[in-house]
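Containing compact mmCIF, C-alpha atoms: data_24.txt.
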```txt
# COMPACT_ATOMS: atom_id res chain seq x y z
CA MET A 55 98.38 -46.48 184.77
CA THR A 56 100.91 -46.82 181.95
CA ASN A 57 101.86 -50.51 182.07
CA GLY A 58 100.56 -51.77 185.41
CA THR A 59 103.78 -50.86 187.21
CA PHE A 60 104.22 -48.29 189.97
CA PHE A 61 107.49 -46.60 190.90
CA LEU A 62 108.82 -45.02 194.09
CA CYS A 63 111.97 -42.90 194.28
CA ARG A 64 114.02 -43.74 197.37
CA ASP A 65 115.79 -40.37 197.29
CA CYS A 66 113.06 -37.74 196.84
CA LEU A 67 110.20 -40.15 197.78
CA SER A 68 108.10 -39.17 194.75
CA ASP A 69 106.02 -41.90 193.13
CA GLY A 70 103.76 -42.57 190.19
CA ASP A 71 102.70 -44.93 187.41
CA GLY A 72 105.09 -46.46 184.92
CA ALA A 73 108.64 -47.81 184.91
CA PRO A 74 111.04 -44.95 184.19
CA SER A 75 114.80 -45.58 184.24
CA ARG A 76 115.29 -42.52 186.45
CA CYS A 77 113.07 -40.53 188.76
CA PRO A 78 111.11 -37.95 186.71
CA ASN A 79 111.33 -35.57 189.68
CA CYS A 80 114.99 -35.70 190.82
CA GLY A 81 116.76 -37.85 188.23
CA SER A 82 117.83 -40.53 190.74
CA PRO A 83 118.21 -44.11 189.49
CA ARG A 84 117.29 -45.46 192.95
CA LEU A 85 113.76 -46.50 192.07
CA VAL A 86 111.57 -49.28 193.45
CA GLN A 87 109.28 -50.56 190.71
CA HIS A 88 106.60 -53.21 190.99
CA THR A 89 103.02 -53.93 190.01
CA GLU A 90 102.15 -54.64 193.68
CA LEU A 91 104.15 -51.74 195.13
CA THR A 92 101.15 -50.14 196.86
CA SER A 93 99.45 -53.29 198.21
CA LEU A 94 102.09 -55.35 200.09
CA HIS A 95 102.55 -54.88 203.83
CA ILE A 96 104.85 -57.54 205.38
CA ALA A 97 108.43 -56.29 205.66
CA HIS A 98 111.79 -57.52 206.86
CA ILE A 99 114.28 -54.80 207.81
CA ASP A 100 117.95 -55.69 208.17
CA CYS A 101 120.74 -53.31 209.11
CA ASP A 102 123.71 -53.50 206.73
CA SER A 103 126.81 -55.04 208.44
CA PHE A 104 125.49 -53.50 211.63
CA TYR A 105 128.47 -53.56 214.01
CA ALA A 106 130.91 -52.41 211.32
CA SER A 107 128.50 -49.68 210.19
CA VAL A 108 128.27 -48.28 213.72
CA GLU A 109 132.08 -48.23 214.03
CA LYS A 110 132.45 -46.49 210.67
CA ARG A 111 129.81 -43.97 211.64
CA ASP A 112 131.76 -43.13 214.80
CA ASN A 113 135.14 -42.99 213.07
CA PRO A 114 135.02 -41.40 209.59
CA ASP A 115 138.73 -42.18 209.08
CA ILE A 116 137.89 -45.87 208.54
CA ARG A 117 134.79 -45.32 206.42
CA ASP A 118 136.48 -46.41 203.17
CA LYS A 119 138.62 -49.17 204.68
CA PRO A 120 137.95 -52.88 205.29
CA VAL A 121 136.69 -53.35 208.84
CA ILE A 122 136.23 -56.60 210.74
CA ILE A 123 134.47 -56.77 214.09
CA GLY A 124 135.57 -59.67 216.26
CA GLY A 125 138.19 -61.05 218.60
CA ALA A 126 141.92 -61.11 218.21
CA GLN A 127 143.89 -64.01 216.66
CA ARG A 128 141.97 -66.55 218.74
CA GLY A 129 138.51 -65.17 218.00
CA VAL A 130 135.99 -65.32 215.22
CA VAL A 131 134.46 -62.71 212.94
CA ALA A 132 131.28 -61.18 214.36
CA THR A 133 130.66 -59.21 211.19
CA ALA A 134 132.61 -57.53 208.42
CA CYS A 135 131.92 -54.48 206.31
CA TYR A 136 131.15 -55.00 202.63
CA ILE A 137 134.68 -54.08 201.57
CA ALA A 138 136.02 -56.98 203.63
CA ARG A 139 133.23 -59.27 202.46
CA ILE A 140 134.30 -58.75 198.86
CA ARG A 141 137.66 -60.23 199.89
CA GLY A 142 135.88 -63.34 201.18
CA VAL A 143 135.53 -62.53 204.89
CA LYS A 144 132.37 -63.98 206.43
CA SER A 145 130.65 -63.95 209.81
CA ALA A 146 131.73 -66.75 212.19
CA MET A 147 134.96 -67.26 210.21
CA PRO A 148 138.07 -67.87 212.36
CA MET A 149 139.96 -64.60 212.71
CA PHE A 150 143.27 -66.03 211.48
CA GLN A 151 141.57 -67.04 208.24
CA ALA A 152 139.97 -63.59 207.86
CA LYS A 153 143.37 -61.95 208.30
CA LYS A 154 144.82 -64.07 205.51
CA LEU A 155 142.02 -63.05 203.17
CA CYS A 156 142.12 -59.39 204.15
CA PRO A 157 145.51 -58.55 205.75
CA ASP A 158 144.93 -54.79 205.63
CA ALA A 159 141.64 -54.99 207.54
CA ILE A 160 141.10 -52.90 210.64
CA ILE A 161 140.03 -55.26 213.43
CA ILE A 162 137.84 -53.87 216.20
CA ARG A 163 136.68 -55.74 219.27
CA PRO A 164 132.89 -55.77 219.68
CA ASN A 165 131.36 -53.03 221.81
CA MET A 166 128.02 -54.64 222.59
CA LYS A 167 126.91 -51.84 224.88
CA LYS A 168 127.22 -49.32 222.05
CA TYR A 169 125.60 -51.60 219.48
CA SER A 170 122.72 -52.34 221.84
CA ALA A 171 122.08 -48.62 222.33
CA VAL A 172 121.95 -48.02 218.57
CA GLY A 173 119.77 -51.10 218.13
CA LYS A 174 117.28 -49.72 220.65
CA GLU A 175 117.10 -46.44 218.71
CA ILE A 176 116.29 -48.33 215.53
CA ARG A 177 113.79 -50.56 217.31
CA ALA A 178 111.99 -47.49 218.67
CA ALA A 179 111.81 -46.04 215.16
CA MET A 180 110.29 -49.31 213.91
CA GLN A 181 107.70 -49.32 216.67
CA ALA A 182 106.72 -45.78 215.68
CA LEU A 183 105.64 -47.25 212.33
CA THR A 184 103.57 -50.14 213.70
CA PRO A 185 103.04 -52.01 216.96
CA LEU A 186 103.55 -55.25 215.02
CA VAL A 187 107.34 -55.47 215.19
CA GLU A 188 108.90 -58.91 215.69
CA PRO A 189 112.61 -58.58 216.53
CA LEU A 190 114.92 -61.33 215.30
CA SER A 191 118.11 -59.84 216.68
CA ILE A 192 119.67 -56.55 217.68
CA ASP A 193 119.64 -55.36 214.06
CA GLU A 194 116.73 -56.97 212.22
CA ALA A 195 113.00 -57.45 212.55
CA PHE A 196 109.77 -58.30 210.76
CA LEU A 197 107.09 -55.60 210.52
CA ASP A 198 103.43 -55.82 209.59
CA LEU A 199 102.25 -52.44 208.32
CA SER A 200 98.71 -53.44 207.39
CA GLY A 201 96.24 -50.81 208.53
CA THR A 202 98.84 -48.07 208.94
CA GLU A 203 97.97 -46.13 205.77
CA LYS A 204 95.78 -43.58 207.55
CA LEU A 205 98.27 -43.13 210.36
CA HIS A 206 101.21 -42.37 208.06
CA HIS A 207 99.22 -41.02 205.09
CA ALA A 208 101.17 -43.44 202.92
CA TYR A 209 101.08 -47.03 201.67
CA PRO A 210 103.58 -49.37 203.44
CA ALA A 211 106.32 -49.20 200.78
CA LEU A 212 106.44 -45.41 201.00
CA THR A 213 106.43 -45.56 204.80
CA LEU A 214 109.39 -47.98 204.68
CA ALA A 215 111.31 -45.78 202.24
CA ARG A 216 110.84 -42.84 204.60
CA PHE A 217 112.02 -45.03 207.48
CA ALA A 218 115.19 -46.12 205.65
CA GLN A 219 115.97 -42.50 204.82
CA HIS A 220 115.39 -41.45 208.44
CA ILE A 221 117.71 -44.14 209.84
CA GLU A 222 120.47 -43.19 207.42
CA GLN A 223 120.18 -39.45 208.02
CA GLU A 224 119.46 -39.39 211.76
CA ILE A 225 121.21 -42.49 213.12
CA GLY A 226 123.97 -42.75 210.55
CA ILE A 227 123.72 -46.34 209.34
CA THR A 228 121.97 -47.97 206.41
CA VAL A 229 119.30 -50.66 206.23
CA SER A 230 117.97 -53.02 203.58
CA VAL A 231 114.24 -53.64 203.19
CA GLY A 232 112.37 -56.65 201.90
CA LEU A 233 108.64 -56.31 201.20
CA SER A 234 106.24 -59.11 200.35
CA HIS A 235 102.98 -60.82 201.33
CA ASN A 236 104.52 -63.07 204.02
CA LYS A 237 107.53 -63.37 206.32
CA PHE A 238 109.35 -66.07 204.35
CA LEU A 239 109.47 -64.01 201.17
CA ALA A 240 110.10 -60.69 202.92
CA LYS A 241 113.21 -62.19 204.54
CA ILE A 242 114.45 -63.44 201.17
CA ALA A 243 113.81 -60.05 199.57
CA SER A 244 115.81 -58.14 202.17
CA ASP A 245 118.96 -60.06 201.20
CA PHE A 246 118.87 -58.72 197.64
CA GLU A 247 120.83 -55.65 196.53
CA LYS A 248 122.58 -55.14 199.86
CA PRO A 249 123.62 -52.66 201.13
CA ARG A 250 120.85 -50.03 201.01
CA GLY A 251 118.57 -52.47 199.27
CA PHE A 252 114.82 -52.31 198.79
CA SER A 253 113.36 -55.37 197.08
CA ILE A 254 109.85 -56.68 196.53
CA ILE A 255 108.43 -60.14 195.88
CA GLY A 256 104.76 -59.97 194.94
CA LYS A 257 101.99 -62.53 195.18
CA GLU A 258 101.56 -62.96 191.44
CA GLU A 259 105.23 -63.74 190.82
CA THR A 260 105.85 -66.00 193.85
CA ILE A 261 105.83 -69.42 192.17
CA ARG A 262 107.76 -68.14 189.15
CA PHE A 263 110.29 -66.34 191.33
CA LEU A 264 111.03 -69.39 193.51
CA LYS A 265 111.13 -71.94 190.69
CA ASP A 266 114.82 -71.72 189.79
CA LYS A 267 116.13 -70.88 193.27
CA PRO A 268 118.26 -73.41 195.21
CA VAL A 269 116.58 -75.38 197.99
CA SER A 270 119.06 -73.77 200.42
CA MET A 271 117.05 -70.54 200.11
CA ILE A 272 114.28 -72.14 202.17
CA TRP A 273 114.52 -71.28 205.86
CA GLY A 274 115.61 -74.32 207.86
CA VAL A 275 117.43 -76.11 205.02
CA GLY A 276 121.04 -76.29 206.18
CA LYS A 277 124.01 -78.11 204.69
CA VAL A 278 122.93 -81.52 205.96
CA SER A 279 119.35 -81.17 204.71
CA GLN A 280 120.58 -79.73 201.42
CA LYS A 281 122.86 -82.74 200.87
CA LYS A 282 120.04 -85.17 201.63
CA LEU A 283 117.67 -83.36 199.28
CA ALA A 284 120.30 -83.36 196.53
CA GLN A 285 120.78 -87.11 196.93
CA ASP A 286 117.05 -87.50 196.42
CA GLY A 287 117.09 -85.33 193.29
CA TYR A 288 115.89 -82.04 194.77
CA HIS A 289 118.25 -79.23 193.83
CA THR A 290 115.87 -76.37 193.10
CA ILE A 291 112.69 -75.13 194.74
CA GLY A 292 110.91 -75.77 191.45
CA GLN A 293 111.62 -79.48 191.83
CA LEU A 294 109.97 -79.36 195.25
CA GLN A 295 106.98 -77.54 193.74
CA THR A 296 106.27 -80.52 191.50
CA ALA A 297 106.69 -83.09 194.29
CA ASP A 298 103.74 -84.61 196.11
CA ALA A 299 103.32 -83.10 199.60
CA ALA A 300 102.48 -86.48 201.14
CA GLU A 301 105.61 -88.00 199.63
CA LEU A 302 107.76 -85.19 201.00
CA ALA A 303 106.19 -85.66 204.43
CA SER A 304 106.86 -89.42 204.38
CA HIS A 305 110.50 -88.87 203.41
CA TYR A 306 111.37 -85.89 205.60
CA GLY A 307 108.71 -85.71 208.31
CA SER A 308 107.81 -82.23 209.55
CA LEU A 309 110.57 -80.74 207.36
CA GLY A 310 108.85 -82.25 204.32
CA LEU A 311 105.55 -80.58 205.18
CA ARG A 312 107.31 -77.23 205.57
CA LEU A 313 109.17 -77.73 202.29
CA ALA A 314 105.89 -78.40 200.48
CA LYS A 315 104.37 -75.15 201.78
CA LEU A 316 107.36 -72.85 201.44
CA ALA A 317 108.24 -74.13 197.97
CA HIS A 318 104.93 -72.59 196.88
CA GLY A 319 105.58 -69.42 198.85
CA LYS A 320 102.96 -70.22 201.49
CA ASP A 321 103.74 -68.94 204.99
CA ASP A 322 100.88 -68.25 207.38
CA ARG A 323 103.03 -67.14 210.32
CA SER A 324 101.91 -63.76 211.66
CA VAL A 325 104.27 -61.00 212.77
CA SER A 326 104.33 -61.46 216.54
CA PRO A 327 105.75 -58.69 218.74
CA ASP A 328 105.82 -61.07 221.71
CA GLU A 329 108.14 -63.76 220.35
CA GLU A 330 108.71 -66.24 223.14
CA THR A 331 112.21 -66.50 224.54
CA LYS A 332 113.64 -69.96 223.85
CA SER A 333 117.00 -70.01 225.63
CA ILE A 334 119.50 -68.06 227.71
CA SER A 335 123.23 -68.67 227.46
CA ALA A 336 126.75 -67.31 227.76
CA GLU A 337 129.99 -68.45 226.18
CA THR A 338 133.60 -67.41 225.72
CA THR A 339 136.60 -68.23 223.51
CA PHE A 340 139.85 -69.14 225.29
CA SER A 341 143.14 -67.34 224.67
CA ARG A 342 144.71 -70.75 223.93
CA ASP A 343 143.47 -74.29 223.48
CA LEU A 344 142.67 -75.97 226.82
CA SER A 345 142.24 -79.61 227.77
CA GLU A 346 142.71 -79.81 231.55
CA ALA A 347 139.82 -79.70 234.00
CA ASP A 348 141.56 -77.34 236.42
CA GLU A 349 141.93 -74.81 233.60
CA ILE A 350 138.43 -75.09 232.12
CA LEU A 351 136.27 -75.50 235.23
CA PRO A 352 136.88 -71.97 236.61
CA ILE A 353 135.81 -70.55 233.25
CA LEU A 354 132.73 -72.78 233.22
CA ARG A 355 131.86 -71.43 236.66
CA ARG A 356 132.15 -67.88 235.33
CA MET A 357 129.87 -68.65 232.37
CA SER A 358 127.39 -70.37 234.69
CA GLU A 359 127.19 -67.21 236.78
CA GLU A 360 126.70 -65.05 233.69
CA THR A 361 123.86 -67.25 232.42
CA SER A 362 122.34 -67.29 235.89
CA ARG A 363 122.52 -63.49 236.11
CA ARG A 364 120.67 -63.12 232.80
CA ALA A 365 118.03 -65.67 233.77
CA LYS A 366 117.38 -63.93 237.09
CA LYS A 367 117.16 -60.56 235.36
CA ALA A 368 114.57 -61.97 232.92
CA LYS A 369 112.75 -63.78 235.77
CA LEU A 370 113.08 -67.07 233.90
CA ALA A 371 114.35 -70.55 234.71
CA GLY A 372 115.09 -73.56 232.51
CA ARG A 373 114.52 -77.31 232.78
CA THR A 374 117.26 -78.22 230.29
CA ILE A 375 120.93 -77.31 230.78
CA THR A 376 123.17 -77.44 227.72
CA LEU A 377 126.96 -77.41 227.65
CA LYS A 378 128.60 -76.20 224.44
CA LEU A 379 132.21 -76.88 223.47
CA LYS A 380 134.19 -76.12 220.33
CA ASP A 381 137.41 -78.04 219.77
CA ASN A 382 140.58 -76.85 218.07
CA GLN A 383 139.26 -78.20 214.76
CA PHE A 384 136.26 -75.84 215.12
CA LYS A 385 133.87 -78.76 215.63
CA SER A 386 130.98 -77.88 217.96
CA ILE A 387 129.85 -80.33 220.62
CA THR A 388 126.67 -79.95 222.70
CA ARG A 389 125.58 -82.04 225.65
CA SER A 390 122.29 -81.55 227.49
CA ARG A 391 120.54 -82.76 230.63
CA SER A 392 116.93 -82.23 231.65
CA LEU A 393 116.05 -81.50 235.28
CA SER A 394 112.98 -82.36 237.31
CA ASP A 395 112.52 -78.69 238.24
CA PRO A 396 113.53 -75.53 236.35
CA THR A 397 116.62 -73.70 237.61
CA GLN A 398 118.24 -70.32 237.37
CA LEU A 399 120.96 -70.92 239.96
CA ALA A 400 124.61 -70.66 238.99
CA ASP A 401 125.45 -73.48 241.39
CA ARG A 402 123.04 -75.87 239.67
CA LEU A 403 124.20 -74.81 236.20
CA TYR A 404 127.82 -75.32 237.16
CA SER A 405 127.18 -78.67 238.84
CA VAL A 406 125.44 -80.14 235.79
CA GLY A 407 127.84 -78.44 233.37
CA LYS A 408 130.82 -79.81 235.27
CA ASP A 409 129.46 -83.35 235.10
CA LEU A 410 128.86 -83.05 231.34
CA LEU A 411 132.30 -81.50 230.78
CA LEU A 412 134.27 -84.12 232.70
CA LYS A 413 132.79 -86.83 230.48
CA GLU A 414 134.29 -85.11 227.43
CA LEU A 415 137.78 -84.32 228.73
CA PRO A 416 139.15 -87.89 228.79
CA LYS A 417 138.67 -88.07 225.00
CA GLY A 418 141.96 -86.22 224.52
CA LYS A 419 140.61 -83.22 222.69
CA HIS A 420 141.72 -79.61 223.10
CA TYR A 421 139.03 -76.95 223.29
CA ARG A 422 138.90 -73.31 222.22
CA LEU A 423 135.39 -72.32 223.42
CA ILE A 424 132.96 -73.17 226.17
CA GLY A 425 129.40 -72.08 226.83
CA ILE A 426 126.48 -73.04 229.01
CA GLY A 427 122.80 -72.25 228.73
CA ILE A 428 119.28 -73.14 229.73
CA SER A 429 116.21 -73.85 227.62
CA GLU A 430 112.65 -75.14 228.04
CA LEU A 431 112.05 -71.94 229.95
CA HIS A 432 109.45 -71.22 232.63
CA SER A 433 108.64 -68.36 234.97
CA ASP A 434 110.97 -68.33 237.99
CA ASP A 435 107.95 -68.64 240.32
CA PHE A 436 108.51 -72.40 240.57
CA ALA A 437 112.27 -72.47 240.14
CA ASP A 438 114.71 -74.27 242.43
CA PRO A 439 112.53 -75.75 245.19
CA PRO A 440 114.40 -76.86 248.35
CA ASP A 441 116.33 -80.09 247.84
CA LEU A 442 115.12 -82.50 250.52
CA VAL A 443 117.79 -85.07 249.61
CA ASP A 444 120.92 -82.97 249.12
CA LEU A 445 120.87 -80.56 252.06
CA ASP A 446 124.21 -79.09 251.02
CA ALA A 447 122.65 -78.07 247.68
CA SER A 448 119.93 -76.23 249.57
CA LYS A 449 122.55 -74.46 251.66
CA ARG A 450 124.47 -73.43 248.54
CA ALA A 451 121.25 -72.16 246.96
CA SER A 452 120.51 -70.05 250.05
CA ALA A 453 124.05 -68.69 250.01
CA GLU A 454 123.77 -67.80 246.32
CA LYS A 455 120.51 -65.93 246.90
CA ALA A 456 122.14 -64.06 249.79
CA ILE A 457 125.02 -63.08 247.46
CA ASP A 458 122.46 -61.93 244.88
CA ARG A 459 120.87 -59.64 247.45
CA LEU A 460 124.26 -58.19 248.37
CA SER A 461 125.19 -57.73 244.72
CA GLU A 462 121.90 -55.99 244.00
CA LYS A 463 122.51 -53.59 246.85
CA PHE A 464 126.27 -52.99 246.59
CA GLY A 465 127.26 -54.06 243.07
CA SER A 466 128.05 -57.35 241.33
CA LYS A 467 131.67 -57.49 242.50
CA ILE A 468 131.02 -57.14 246.22
CA VAL A 469 131.24 -60.94 246.72
CA GLU A 470 133.03 -63.34 244.40
CA LEU A 471 133.89 -66.99 244.86
CA GLY A 472 137.52 -68.03 244.57
CA LEU A 473 136.70 -70.30 241.63
CA THR A 474 134.90 -67.44 239.88
CA LEU A 475 137.87 -65.13 240.34
CA LYS A 476 140.17 -67.81 238.98
CA GLY A 477 137.90 -68.11 235.96
CA LYS A 478 138.23 -64.38 235.36
CA LEU A 479 141.99 -64.50 235.50
CA SER A 480 142.34 -67.65 233.44
CA HIS A 481 140.74 -66.14 230.35
CA ARG A 482 141.65 -62.52 230.99
CA ASP A 483 143.94 -62.43 227.96
CA GLY A 484 141.53 -64.31 225.73
CA GLU A 485 138.21 -63.34 224.30
CA PRO A 486 135.65 -61.73 226.58
CA PRO A 487 132.35 -63.53 227.09
CA SER A 488 130.42 -63.21 223.87
CA GLY A 489 127.55 -61.49 225.63
CA LYS A 490 125.05 -63.75 223.95
CA GLU A 491 121.78 -62.38 225.24
CA ILE A 492 118.37 -63.97 225.54
CA HIS A 493 117.53 -65.14 222.05
CA SER A 494 114.60 -66.63 220.20
CA ALA A 495 114.41 -69.76 218.12
CA GLN A 496 114.64 -67.63 214.97
CA LYS A 497 117.86 -66.00 215.91
CA PRO A 498 119.49 -64.97 212.71
CA ASP A 499 122.84 -66.11 211.49
CA LYS A 500 124.93 -63.23 210.20
CA ASP A 501 125.85 -60.28 212.40
CA SER A 502 125.46 -62.27 215.57
CA GLY A 503 128.45 -64.44 214.76
CA LEU A 504 130.08 -64.27 218.18
CA GLU A 505 129.38 -67.92 218.75
```

Please, can you express the file's structure as structure tokens?
Amino acid sequence: MTNGTFFLCRDCLSDGDGAPSRCPNCGSPRLVQHTELTSLHIAHIDCDSFYASVEKRDNPDIRDKPVIIGGAQRGVVATACYIARIRGVKSAMPMFQAKKLCPDAIIIRPNMKKYSAVGKEIRAAMQALTPLVEPLSIDEAFLDLSGTEKLHHAYPALTLARFAQHIEQEIGITVSVGLSHNKFLAKIASDFEKPRGFSIIGKEETIRFLKDKPVSMIWGVGKVSQKKLAQDGYHTIGQLQTADAAELASHYGSLGLRLAKLAHGKDDRSVSPDEETKSISAETTFSRDLSEADEILPILRRMSEETSRRAKKAKLAGRTITLKLKDNQFKSITRSRSLSDPTQLADRLYSVGKDLLLKELPKGKHYRLIGIGISELHSDDFADPPDLVDLDASKRASAEKAIDRLSEKFGSKIVELGLTLKGKLSHRDGEPPSGKEIHSAQKPDKDSGLE
């Protein structure tokens, strides 16, 4: 070993001791260099501007142009390619604002069916590396490659470099890789040097690396928490490192305990391939701001049916129903109600959602988005027992199950309620339902910006 550092060429995949400026074998500058290159095994893989990358792959004419994936004037940005990001376009940004920043951008409506198919290809390639793959979204996941050296005849970093090369050559999109000794640091590492990044944070450098980083780099520290921490004198992770853990816990509760651990780079979470589903929901953006019940309720019914369909498909039911609204000032409002028994019925979702919605409408606001979902999930084995008090509810539940059987046999459009059909027509010219699928508590924030 020359100086304790190992290198790996991401182009020709040759490796060795030392820290050359270019690969001794092929001359490429795309080298990964680190003293712990051959010993780390927890990775986070993130596709680069996934939706936009798939569209550019399928249409070479737009490869060198700014591309934004999202709705029309009324929608939001789902993701943007890196050319558009340089102009200031960000995920979840209102589309009208994105157009001002990047007027020459090519705007493409999301094609979730296509993206899902590509995501499944990538997921399968990940699972060929290790059974320990924990998906976070359609385009990113944690991997634990410990114990795979004999299988792949390579240490994890080399296996990951081969994987990145395979995805780019065979599937046609690029990925960024973060490699470390735990999930927290691997996730941080994958955000460096995008696109086509490959970054490492080793054990020995953890405390030193985190010391000057902002507290916002810690998972779970949002704008509100960041402001509170700043008021208390905590601006950098290094300042948290010197704080007493008990004091942090007394000030911030469970967040304080997590801050104390993560500030020192400690994260004992394992990579779990069976991440528990936390919620199921559906939402849509209106073609124009709405404030009247007779306009919004049909759309709420449609979203209730979509959430119900997904819950039934997953064989899950939820005890908590949550209504989501976004007003014309882009302020999000959520209202929830817990039930005595879990439900997956559209009728029950709509009934509770309607009650929650009608309490908000008299406040004089205009809304641009509505969504409804269920959480606190259970198996559907004990869902929706007969209602011995409201016999009409039981009748509606039986009718809905009869419609489900017909739809399963003859197609989803064989029977539709008048209110459902009205909901279709009323937002036909607006944004389609966002297609928000079953998602976990660690759902990531960037390329899933259809909220």

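The spacing separating CA of Asp322 in chain A from CA of Phe196 in chain A amounts to 13.8 Å.
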
**Item:** Point (110.2, -54.8, 196.7), cut-off 10 Å, counting only C-alpha atoms, residues as a VMD selection string
**Value:** chain A and resid 86 to 91 94 97 211 231 to 234 240 243 to 244 246 251 to 256

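Look at Leu67 in chain A: the protein and nucleic acid residues within 12 Å of it, using all atoms listed in the file and passing over chain neighbours fewer than 2 places away, are Phe61, Leu62, Cys63, Arg64, Asp65, Asp69, Gly70, Cys77, Pro78, Asn79, Cys80, Gly81, Ser82, Arg84, Leu85, Val86, Ala208, Ala211, Leu212, Thr213, Leu214, Ala215, Arg216, Phe217, Ala218, Gln219 and His220 of chain A.
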
**Message:** Under the rule that all atoms listed in the file are counted, which of A:Tyr288, A:Trp273, A:Phe340, A:Tyr105 is the nearest residue to Lys315 in chain A?
**Reply:** A:Trp273

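Across A:Lys366, A:His206, A:His432, A:Lys174, the tightest approach to Ile192 in chain A is made by A:Lys174 when counting all atoms listed in the file.
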
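Distance check against Ser433 in chain A using only C-alpha atoms: of A:Lys154, A:Lys367, A:Lys408, A:Arg402, the minimum falls on A:Lys367.
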
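When CA of Asp438 in chain A is paired with CA of Glu360 in chain A, their separation reads 17.5 Å.
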
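Between CA of Phe238 in chain A and CA of Gly287 in chain A there is a distance of 23.5 Å.
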
**Request:** Select, from A:Asp198, A:Glu222, A:Asp286, A:Asp266, the residue with the minimum atom-to-atom distance to His98 in chain A, counting only C-alpha atoms.
**Result:** A:Asp198

**Message:** Ranking A:Leu199, A:Leu399, A:Ile272, A:Ala365 by minimum distance to Gln181 in chain A and counting all atoms listed in the file, which one comes first?
**Reply:** A:Leu199

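Distances from A:Asp435, A:Asp115, A:Glu346, A:Glu203 to Leu415 in chain A were compared using only C-alpha atoms, and the smallest one belongs to A:Glu346.
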
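Taking only C-alpha atoms into account, the protein, DNA and RNA residues within 10 Å of (135.0, -61.6, 203.4) read Pro120, Ile122, Val131, Thr133, Ala134, Cys135, Tyr136, Ile137, Ala138, Arg139, Ile140, Arg141, Gly142, Val143, Lys144, Ser145, Met147, Gln151, Ala152, Lys153, Leu155 and Cys156 of chain A.
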
Export C-alpha atoms of the chosen residues as an mmCIF file, keeping the file's coordinate frame?
```cif
data_model
loop_
_atom_site.group_PDB
_atom_site.id
_atom_site.type_symbol
_atom_site.label_atom_id
_atom_site.label_comp_id
_atom_site.auth_asym_id
_atom_site.auth_seq_id
_atom_site.Cartn_x
_atom_site.Cartn_y
_atom_site.Cartn_z
ATOM 1 C CA PRO A 120 137.950 -52.880 205.290
ATOM 2 C CA ILE A 122 136.230 -56.600 210.740
ATOM 3 C CA VAL A 131 134.460 -62.710 212.940
ATOM 4 C CA THR A 133 130.660 -59.210 211.190
ATOM 5 C CA ALA A 134 132.610 -57.530 208.420
ATOM 6 C CA CYS A 135 131.920 -54.480 206.310
ATOM 7 C CA TYR A 136 131.150 -55.000 202.630
ATOM 8 C CA ILE A 137 134.680 -54.080 201.570
ATOM 9 C CA ALA A 138 136.020 -56.980 203.630
ATOM 10 C CA ARG A 139 133.230 -59.270 202.460
ATOM 11 C CA ILE A 140 134.300 -58.750 198.860
ATOM 12 C CA ARG A 141 137.660 -60.230 199.890
ATOM 13 C CA GLY A 142 135.880 -63.340 201.180
ATOM 14 C CA VAL A 143 135.530 -62.530 204.890
ATOM 15 C CA LYS A 144 132.370 -63.980 206.430
ATOM 16 C CA SER A 145 130.650 -63.950 209.810
ATOM 17 C CA MET A 147 134.960 -67.260 210.210
ATOM 18 C CA GLN A 151 141.570 -67.040 208.240
ATOM 19 C CA ALA A 152 139.970 -63.590 207.860
ATOM 20 C CA LYS A 153 143.370 -61.950 208.300
ATOM 21 C CA LEU A 155 142.020 -63.050 203.170
ATOM 22 C CA CYS A 156 142.120 -59.390 204.150
#
```

**Request:** Skip Lys369 in chain A itself and residues of its chain fewer than 3 positions away, then list as number ranges by chain all residues within 12 Å of it, counting all atoms listed in the file.
**Result:** A: 331, 334, 362-366, 372, 396-399, 431-437, 492

**Request:** May I have the residues within 10 Å of Asp381 in chain A as a PyMOL selection string, using all atoms listed in the file and disregarding those fewer than 4 positions away in the same chain?
**Result:** chain A and resi 343-345+385-387+419-424

**Request:** Name all residues at most 12 Å from Ser170 in chain A (count only C-alpha atoms; drop same-chain ones fewer than 3 positions away) and give them as a PyMOL selection string.
**Result:** chain A and resi 104-105+108+164-167+173-177+191-193+489-491
